[in-house]
>>> print(open('start_7.tsv').read())   # TSV, C-alpha atoms
chain	number	residue	atom	x	y	z
A	1	MET	CA	7.20	-3.87	-16.22
A	2	PRO	CA	4.14	-2.30	-17.85
A	3	ALA	CA	4.95	-0.67	-21.19
A	4	PRO	CA	5.68	3.09	-21.16
A	5	ALA	CA	2.23	3.65	-22.69
A	6	PHE	CA	0.70	2.58	-19.36
A	7	TYR	CA	2.27	5.52	-17.55
A	8	ASP	CA	1.63	7.86	-20.48
A	9	TYR	CA	-2.06	7.15	-19.95
A	10	VAL	CA	-1.80	7.55	-16.17
A	11	ARG	CA	-0.09	10.94	-16.60
A	12	GLY	CA	-2.65	12.06	-19.16
A	13	LEU	CA	-0.10	12.24	-21.99
A	14	THR	CA	-2.30	10.00	-24.13
A	15	ASP	CA	-5.91	8.81	-24.07
A	16	GLU	CA	-5.01	5.65	-25.93
A	17	VAL	CA	-5.58	2.65	-23.65
A	18	PRO	CA	-2.43	0.49	-23.61
A	19	GLU	CA	-2.80	-2.93	-25.18
A	20	GLY	CA	-4.28	-5.58	-22.92
A	21	TYR	CA	-5.48	-3.17	-20.22
A	22	THR	CA	-9.07	-2.05	-19.61
A	23	LEU	CA	-10.32	1.52	-19.97
A	24	ALA	CA	-12.05	1.39	-16.55
A	25	GLY	CA	-8.90	0.25	-14.78
A	26	MET	CA	-6.72	2.84	-16.53
A	27	ARG	CA	-9.20	5.57	-15.57
A	28	VAL	CA	-8.94	4.48	-11.92
A	29	TYR	CA	-5.14	4.80	-11.98
A	30	ARG	CA	-5.26	8.22	-13.64
A	31	HIS	CA	-7.86	9.31	-11.09
A	32	LEU	CA	-5.85	8.05	-8.10
A	33	VAL	CA	-2.68	9.82	-9.20
A	34	TYR	CA	-4.59	13.04	-9.84
A	35	LEU	CA	-6.20	12.77	-6.40
A	36	GLY	CA	-2.86	12.12	-4.69
A	37	ALA	CA	-1.27	15.17	-6.31
A	38	SER	CA	-4.31	17.39	-5.76
A	39	GLN	CA	-4.61	16.52	-2.07
A	40	MET	CA	-0.95	17.05	-1.23
A	41	VAL	CA	-0.70	20.34	-3.13
A	42	GLU	CA	-3.95	21.62	-1.64
A	43	ALA	CA	-2.74	20.74	1.87
A	44	HIS	CA	0.25	23.04	1.39
A	45	PHE	CA	-1.25	25.72	-0.85
A	46	PRO	CA	-4.94	25.96	0.05
A	47	GLN	CA	-5.06	29.57	-1.06
A	48	VAL	CA	-4.05	28.63	-4.62
A	49	ARG	CA	-7.02	26.29	-4.90
A	50	GLN	CA	-9.34	28.91	-3.46
A	51	GLN	CA	-8.16	31.57	-5.87
A	52	LEU	CA	-8.26	29.34	-8.94
A	53	GLY	CA	-11.63	27.69	-8.44
A	54	ASP	CA	-12.38	24.05	-9.29
A	55	GLU	CA	-11.99	24.13	-13.04
A	56	HIS	CA	-8.69	25.98	-13.23
A	57	TRP	CA	-7.37	23.98	-10.29
A	58	ARG	CA	-8.07	20.74	-12.14
A	59	THR	CA	-6.36	22.05	-15.27
A	60	LEU	CA	-3.29	23.09	-13.27
A	61	ILE	CA	-2.96	19.81	-11.35
A	62	GLU	CA	-3.46	17.82	-14.55
A	63	ALA	CA	-0.62	19.77	-16.13
A	64	PHE	CA	1.51	19.18	-13.01
A	65	VAL	CA	0.91	15.41	-13.28
A	66	ARG	CA	1.53	15.37	-17.06
A	67	ASP	CA	4.84	17.14	-16.51
A	68	SER	CA	5.90	14.90	-13.61
A	69	ALA	CA	9.30	13.24	-13.16
A	70	TRP	CA	9.14	12.97	-9.37
A	71	THR	CA	11.89	11.01	-7.69
A	72	SER	CA	11.54	11.45	-3.93
A	73	HIS	CA	10.33	8.50	-1.88
A	74	TYR	CA	8.55	11.00	0.35
A	75	TYR	CA	5.09	11.99	-0.85
A	76	SER	CA	5.18	15.29	1.06
A	77	ASP	CA	8.09	16.41	-1.15
A	78	LEU	CA	5.44	16.97	-3.83
A	79	LYS	CA	5.04	20.49	-2.46
A	80	ASP	CA	8.59	21.29	-3.60
A	81	GLU	CA	7.96	19.69	-6.98
A	82	PHE	CA	4.87	21.85	-7.31
A	83	THR	CA	6.81	25.02	-6.50
A	84	ALA	CA	9.41	24.05	-9.10
A	85	PHE	CA	6.65	23.32	-11.60
A	86	LEU	CA	5.13	26.78	-11.07
A	87	ALA	CA	8.55	28.34	-11.54
A	88	ARG	CA	8.94	26.51	-14.87
A	89	LEU	CA	5.48	27.70	-15.94
A	90	ASN	CA	6.44	31.30	-15.22
A	91	GLN	CA	9.65	31.14	-17.22
B	92	MET	CA	-2.32	-11.65	17.82
B	93	LEU	CA	-4.23	-8.65	16.53
B	94	GLY	CA	-2.72	-5.48	15.14
B	95	LEU	CA	-3.93	-2.11	13.99
B	96	GLY	CA	-2.58	0.37	11.48
B	97	TYR	CA	-1.43	3.38	13.49
B	98	ARG	CA	-2.56	6.70	12.01
B	99	ARG	CA	-1.49	10.21	12.90
B	100	ASP	CA	-5.17	10.92	13.67
B	101	MET	CA	-4.67	8.73	16.74
B	102	ALA	CA	-2.08	11.11	18.24
B	103	ASP	CA	-4.49	12.34	20.92
B	104	TRP	CA	-6.10	8.94	21.58
B	105	ASP	CA	-5.51	6.96	24.74
B	106	MET	CA	-3.67	4.15	22.96
B	107	SER	CA	-3.71	1.96	26.07
B	108	ALA	CA	-7.46	1.60	25.43
B	109	VAL	CA	-6.89	0.17	21.93
B	110	ALA	CA	-7.30	-3.61	22.02
B	111	ALA	CA	-4.35	-4.29	19.70
B	112	ASP	CA	-1.24	-6.38	20.40
B	113	PHE	CA	0.91	-4.67	17.78
B	114	PHE	CA	0.83	-1.76	15.34
B	115	GLU	CA	1.92	-0.94	11.83
B	116	VAL	CA	3.03	2.34	10.28
B	117	VAL	CA	4.13	3.58	6.87
B	118	PRO	CA	7.90	4.02	7.34
B	119	GLU	CA	8.08	6.84	4.76
B	120	ASN	CA	5.90	8.91	7.09
B	121	TRP	CA	8.22	8.50	10.07
B	122	VAL	CA	11.75	8.84	8.68
B	123	ARG	CA	11.63	12.60	9.22
B	124	ARG	CA	9.06	12.79	12.00
B	125	ASP	CA	9.26	12.72	15.81
B	126	ARG	CA	8.90	9.05	16.68
B	127	ALA	CA	7.96	9.58	20.32
B	128	PRO	CA	4.42	8.16	19.87
B	129	LEU	CA	5.88	4.99	18.34
B	130	HIS	CA	8.48	4.60	21.07
B	131	GLN	CA	5.67	4.92	23.59
B	132	LEU	CA	3.79	2.02	22.01
B	133	ILE	CA	6.95	-0.08	21.89
B	134	ALA	CA	7.82	0.71	25.50
B	135	GLY	CA	4.36	-0.57	26.40
B	136	GLY	CA	5.26	-3.95	24.94
B	137	ARG	CA	3.49	-3.54	21.63
B	138	PRO	CA	5.84	-3.73	18.62
B	139	VAL	CA	5.54	-1.51	15.55
B	140	HIS	CA	5.84	-3.13	12.12
B	141	LEU	CA	6.82	-1.18	9.01
B	142	HIS	CA	4.76	-1.36	5.82
B	143	GLY	CA	6.23	0.79	3.05
B	144	VAL	CA	4.63	2.28	-0.03
B	145	SER	CA	7.43	3.67	-2.20
B	146	LEU	CA	10.01	0.96	-2.73
B	147	ASN	CA	8.90	0.68	-6.36
B	148	LEU	CA	9.74	-3.02	-6.58
B	149	GLY	CA	7.89	-3.24	-9.89
B	150	GLY	CA	9.34	-0.04	-11.35
B	151	THR	CA	12.47	0.55	-13.37
B	152	SER	CA	14.37	3.13	-11.33
B	153	ALA	CA	17.60	1.98	-9.75
B	154	LEU	CA	17.10	1.12	-6.09
B	155	ASN	CA	17.80	4.17	-3.98
B	156	ARG	CA	20.60	3.29	-1.53
B	157	ALA	CA	20.25	6.52	0.46
B	158	PHE	CA	16.57	5.80	1.00
B	159	LEU	CA	17.26	2.20	1.99
B	160	ASN	CA	19.80	3.44	4.52
B	161	GLU	CA	17.14	5.72	6.00
B	162	ILE	CA	14.77	2.76	6.22
B	163	ARG	CA	17.48	0.67	7.87
B	164	ASP	CA	18.09	3.38	10.45
B	165	LEU	CA	14.36	3.50	11.17
B	166	ILE	CA	14.18	-0.30	11.49
B	167	ASP	CA	17.08	-0.20	13.95
B	168	ASP	CA	15.69	2.75	15.88
B	169	LEU	CA	12.31	1.04	16.39
B	170	GLY	CA	13.74	-2.43	16.78
B	171	ALA	CA	11.23	-3.43	14.10
B	172	HIS	CA	11.01	-7.10	13.15
B	173	HIS	CA	8.93	-6.61	10.04
B	174	TYR	CA	9.50	-4.43	7.01
B	175	SER	CA	7.34	-4.95	3.95
B	176	ASP	CA	6.31	-3.16	0.79
B	177	HIS	CA	3.91	-3.91	-2.04
B	178	LEU	CA	4.36	-6.29	-4.90
B	179	ALA	CA	3.61	-3.38	-7.20
B	180	ALA	CA	5.25	-0.45	-8.94
B	181	SER	CA	5.19	3.03	-7.40
B	182	GLY	CA	5.73	4.49	-10.85
B	183	ASP	CA	7.96	3.82	-13.85
B	184	ALA	CA	11.46	5.25	-13.41
B	185	HIS	CA	9.78	7.94	-11.30
B	186	GLN	CA	7.41	8.05	-8.36
B	187	LEU	CA	3.71	8.67	-8.86
B	188	TYR	CA	2.72	8.03	-5.22
B	189	ASP	CA	0.34	5.21	-5.97
B	190	LEU	CA	0.61	1.45	-6.57
B	191	PHE	CA	0.57	0.10	-10.11
B	192	PRO	CA	0.30	-3.46	-11.39
B	193	ILE	CA	3.25	-5.61	-12.35
B	194	PRO	CA	2.43	-7.83	-15.37
B	195	PHE	CA	2.01	-11.42	-14.20
B	196	THR	CA	4.75	-12.94	-16.36
B	197	VAL	CA	7.77	-15.20	-15.89
B	198	ASP	CA	10.09	-12.40	-17.03
B	199	GLU	CA	8.75	-10.13	-14.31
B	200	VAL	CA	9.14	-12.87	-11.69
B	201	ARG	CA	12.84	-12.86	-12.48
B	202	ARG	CA	13.28	-9.10	-12.83
B	203	VAL	CA	11.27	-8.10	-9.76
B	204	GLY	CA	12.54	-11.07	-7.77
B	205	ASP	CA	16.08	-9.85	-8.40
B	206	ARG	CA	15.13	-6.35	-7.22
B	207	ILE	CA	13.71	-7.78	-4.00
B	208	ARG	CA	16.95	-9.71	-3.48
B	209	GLU	CA	18.94	-6.52	-3.96
B	210	VAL	CA	16.81	-4.76	-1.32
B	211	GLN	CA	17.31	-7.64	1.08
B	212	ASP	CA	21.05	-7.68	0.48
B	213	THR	CA	21.25	-3.94	1.13
B	214	LEU	CA	19.15	-4.09	4.29
B	215	GLY	CA	20.79	-7.27	5.49
B	216	ARG	CA	17.42	-8.86	6.26
B	217	ARG	CA	14.45	-10.44	4.61
B	218	ILE	CA	11.51	-8.29	3.65
B	219	ALA	CA	7.90	-9.23	2.95
B	220	VAL	CA	5.98	-8.32	-0.20
B	221	GLU	CA	2.25	-7.75	-0.13
B	222	ASN	CA	-0.19	-8.92	-2.80
B	223	SER	CA	-1.79	-5.69	-3.98
B	224	THR	CA	-5.07	-4.52	-5.38
B	225	TRP	CA	-4.96	-4.03	-9.15
B	226	TYR	CA	-7.59	-2.45	-11.37
B	227	THR	CA	-6.34	-3.75	-14.70
B	228	ASN	CA	-3.29	-5.85	-15.57
B	229	ILE	CA	-1.77	-8.08	-18.22
B	230	GLY	CA	0.18	-11.31	-18.07
B	231	THR	CA	0.08	-15.05	-18.47
B	232	MET	CA	0.13	-16.27	-14.86
B	233	SER	CA	-2.50	-16.14	-12.14
B	234	GLU	CA	-1.75	-13.59	-9.43
B	235	ALA	CA	-1.37	-16.28	-6.76
B	236	ASP	CA	1.15	-18.22	-8.87
B	237	PHE	CA	3.00	-14.99	-9.63
B	238	LEU	CA	3.23	-14.12	-5.94
B	239	ALA	CA	4.35	-17.63	-5.00
B	240	ALA	CA	7.00	-17.67	-7.73
B	241	ILE	CA	8.35	-14.25	-6.73
B	242	ALA	CA	8.62	-15.30	-3.08
B	243	GLU	CA	10.55	-18.42	-4.15
B	244	HIS	CA	12.83	-16.54	-6.53
B	245	ALA	CA	13.62	-13.78	-4.03
B	246	ASP	CA	13.45	-16.04	-0.99
B	247	CYS	CA	11.36	-13.37	0.70
B	248	HIS	CA	8.36	-13.31	3.01
B	249	ILE	CA	4.77	-12.63	2.04
B	250	LEU	CA	2.44	-10.17	3.74
B	251	LEU	CA	-0.89	-11.69	2.77
B	252	ASP	CA	-3.66	-9.14	2.24
B	253	LEU	CA	-7.00	-10.96	2.31
B	254	ASN	CA	-9.01	-7.86	1.42
B	255	ASN	CA	-6.98	-7.32	-1.74
B	256	ILE	CA	-7.69	-10.88	-2.86
B	257	SER	CA	-11.42	-10.22	-2.41
B	258	VAL	CA	-11.33	-6.85	-4.18
B	259	ASN	CA	-9.51	-8.41	-7.14
B	260	GLN	CA	-11.92	-11.33	-7.23
B	261	LYS	CA	-14.93	-8.99	-7.31
B	262	ASN	CA	-13.39	-6.81	-10.01
B	263	HIS	CA	-11.89	-9.47	-12.24
B	264	GLY	CA	-13.41	-12.82	-11.29
B	265	THR	CA	-9.95	-14.06	-10.28
B	266	ASP	CA	-9.16	-16.55	-7.48
B	267	GLY	CA	-11.18	-16.32	-4.29
B	268	LEU	CA	-9.62	-16.61	-0.85
B	269	ASP	CA	-9.50	-20.44	-0.74
B	270	GLU	CA	-8.09	-20.88	-4.24
B	271	PHE	CA	-5.56	-18.08	-3.82
B	272	ILE	CA	-4.26	-19.24	-0.45
B	273	ALA	CA	-3.97	-22.84	-1.63
B	274	ARG	CA	-1.27	-21.73	-4.12
B	275	LEU	CA	0.98	-20.25	-1.41
B	276	ASP	CA	3.57	-21.63	0.98
B	277	LEU	CA	2.07	-20.35	4.23
B	278	ALA	CA	5.43	-20.75	5.97
B	279	ARG	CA	6.48	-17.63	4.02
B	280	VAL	CA	3.58	-15.55	5.32
B	281	THR	CA	4.50	-13.15	8.15
B	282	TYR	CA	1.03	-11.83	8.93
B	283	LEU	CA	-2.33	-10.99	7.42
B	284	HIS	CA	-3.91	-7.72	6.37
B	285	VAL	CA	-7.65	-7.19	6.50
B	286	ALA	CA	-9.60	-4.05	5.58
B	287	GLY	CA	-12.79	-2.87	3.97
B	288	HIS	CA	-13.42	-1.55	0.48
B	289	GLU	CA	-16.09	0.29	-1.51
B	290	PHE	CA	-17.75	0.07	-4.90
B	291	ASP	CA	-17.15	3.17	-7.02
B	292	GLU	CA	-19.85	3.52	-9.65
B	293	ARG	CA	-17.83	6.08	-11.61
B	294	PHE	CA	-15.53	3.26	-12.65
B	295	GLY	CA	-17.74	0.23	-12.09
B	296	LEU	CA	-15.00	-1.22	-9.86
B	297	HIS	CA	-14.50	-1.96	-6.19
B	298	ILE	CA	-11.79	0.33	-4.81
B	299	ASP	CA	-9.42	-0.58	-1.96
B	300	THR	CA	-10.31	2.40	0.23
B	301	HIS	CA	-9.59	1.00	3.73
B	302	SER	CA	-12.65	2.98	4.86
B	303	GLN	CA	-15.11	0.26	5.84
B	304	ALA	CA	-15.66	-2.66	8.16
B	305	VAL	CA	-14.09	-5.97	7.13
B	306	GLU	CA	-16.44	-8.26	5.21
B	307	PRO	CA	-17.57	-11.32	7.19
B	308	PRO	CA	-15.98	-13.93	4.83
B	309	THR	CA	-12.65	-12.08	4.97
B	310	ALA	CA	-12.78	-11.85	8.77
B	311	ALA	CA	-13.72	-15.55	8.99
B	312	MET	CA	-10.77	-16.57	6.81
B	313	ALA	CA	-8.41	-14.43	8.88
B	314	ARG	CA	-9.64	-16.05	12.12
B	315	ARG	CA	-9.25	-19.50	10.58
B	316	LEU	CA	-5.69	-18.81	9.40
B	317	GLN	CA	-4.79	-17.45	12.81
B	318	ALA	CA	-6.28	-20.44	14.62
B	319	ARG	CA	-4.63	-22.99	12.32
B	320	HIS	CA	-1.33	-21.34	11.45
B	321	GLY	CA	-0.83	-18.77	14.19
B	322	LEU	CA	-0.77	-15.92	11.70
B	323	PRO	CA	-1.22	-12.47	13.27
B	324	ILE	CA	-3.97	-10.28	11.79
B	325	LEU	CA	-3.61	-6.56	11.17
B	326	LEU	CA	-6.61	-4.30	10.56
B	327	GLU	CA	-6.01	-1.42	8.15
B	328	TRP	CA	-8.38	1.52	8.48
B	329	ASP	CA	-6.95	4.61	6.78
B	330	ASN	CA	-9.89	6.74	5.65
B	331	ASP	CA	-13.05	7.81	7.49
B	332	LEU	CA	-11.46	6.51	10.68
B	333	PRO	CA	-14.20	5.57	13.19
B	334	ASP	CA	-14.03	6.26	16.93
B	335	LEU	CA	-12.09	4.09	19.34
B	336	PRO	CA	-15.00	1.91	20.58
B	337	THR	CA	-15.97	1.09	16.99
B	338	LEU	CA	-12.39	0.15	16.14
B	339	ASN	CA	-12.16	-2.05	19.24
B	340	GLN	CA	-15.41	-3.74	18.24
B	341	GLU	CA	-13.99	-4.35	14.78
B	342	LEU	CA	-10.83	-5.82	16.31
B	343	ALA	CA	-12.96	-8.06	18.57
B	344	CYS	CA	-14.65	-9.49	15.44
B	345	LEU	CA	-11.23	-10.65	14.26
B	346	ARG	CA	-10.26	-12.44	17.44
B	347	PRO	CA	-10.62	-16.22	17.15
B	348	PRO	CA	-13.26	-17.36	19.71
B	349	SER	CA	-10.78	-19.50	21.65
B	350	THR	CA	-8.49	-16.55	22.35
B	351	THR	CA	-11.17	-14.05	23.35
B	352	THR	CA	-10.25	-12.51	26.64
B	353	SER	CA	-12.76	-11.00	29.01
B	354	GLY	CA	-12.66	-7.26	29.32
B	355	ALA	CA	-10.65	-6.78	26.14
>>> encode(input="start_7.tsv", output="structure tokens")
Amino acid sequence: MPAPAFYDYVRGLTDEVPEGYTLAGMRVYRHLVYLGASQMVEAHFPQVRQQLGDEHWRTLIEAFVRDSAWTSHYYSDLKDEFTAFLARLNQ
Amino acid sequence: MLGLGYRRDMADWDMSAVAADFFEVVPENWVRRDRAPLHQLIAGGRPVHLHGVSLNLGGTSALNRAFLNEIRDLIDDLGAHHYSDHLAASGDAHQLYDLFPIPFTVDEVRRVGDRIREVQDTLGRRIAVENSTWYTNIGTMSEADFLAAIAEHADCHILLDLNNISVNQKNHGTDGLDEFIARLDLARVTYLHVAGHEFDERFGLHIDTHSQAVEPPTAAMARRLQARHGLPILLEWDNDLPDLPTLNQELACLRPPSTTTSGA
């Protein structure tokens, strides 16, 4: 399996490129995961994106991905993870 | 035999006008959804294959029995003959809803091969693993040798994605179609995937977007493999889905000349 550092980079927990991997490739993976999270959350909470605007939206989704420990096999369950994430933020 | 990835966007299409002999869906999308459209296709004599995205064969989480039971129920409900997932990780111990590279090493052949065996034992049937696109990876083996070794170790099938071989070759200078395929036992291959991809200048890499027509060399190889080995071909088109006539034209390009039927 790839070393933990691989997924730390993907989640945005570190900007250090894991040994043996390329920066370009790691950026693609981080981008794809961000996009996947952003699209699913936006599909369920379009008003949040509208209210936040692009910059704050990006910051929020990046934090959501950094904080992630998602376990469901079903991508659409991300909406529940997002709700739980917001609840943690507000604590 | 030509197949097409079935998308939800096709819900209001006249599917009888689609020149495909079989279809493929992402099982995770249909476990909790009304399967009437799929049963309609099956009743019309066109089977539906299952191609999963979340099995996390390359990850470290314990295999999820409850999920595998749901997949087994879906397989039974649809009478599906093919269930596959990617030779990739869907995350580490968690899901990240994308596909990540498994290092091409002997240790991973053993570890991931054992996970595939466990899945097969739980489902009571063989699965196929698909060679995936990867944007950076480490390891000591070539991808083709890694795939072949995994299939041997797990005694599983291979879903051979020709587009992914081409994307990886363009990005990394790795094996082209001929070299890659020469390393495999074609008797293990269930069917072929073809698709299109795009260059993304933000990263300087070709990305496996499934949003374009199939490249001529990829289509030619698929036709050749079908003619010589009888391997069915499935066209994946997931993003920027074109209209039905365009899709049918794309499917016609994949049909080996000898099997072209008039009016199709």
>>> interface_residues(input="start_7.tsv", of="chain B", to="chain A", cutoff="8 Å", atoms="all atoms listed in the file", output="ChimeraX atom specification")
/B:119-120,145-146,149-151,158,182-183,185-189,191-194,199,226-229,294-296
>>> residues_around(input="start_7.tsv", residues="range 41-45 of chain A", least_positions_apart="3", cutoff="8 Å", atoms="all atoms listed in the file", output="list in words")
Ala37, Ser38, Val48, Arg49, Leu78, Lys79 and Phe82 of chain A
>>> atom_distance(input="start_7.tsv", atom1="CA of Gly53 in chain A", atom2="CA of Leu13 in chain A")
23.6 Å
>>> atom_distance(input="start_7.tsv", atom1="CA of Leu148 in chain B", atom2="CA of His177 in chain B")
7.4 Å
>>> atom_distance(input="start_7.tsv", atom1="CA of Ala111 in chain B", atom2="CA of His142 in chain B")
16.9 Å
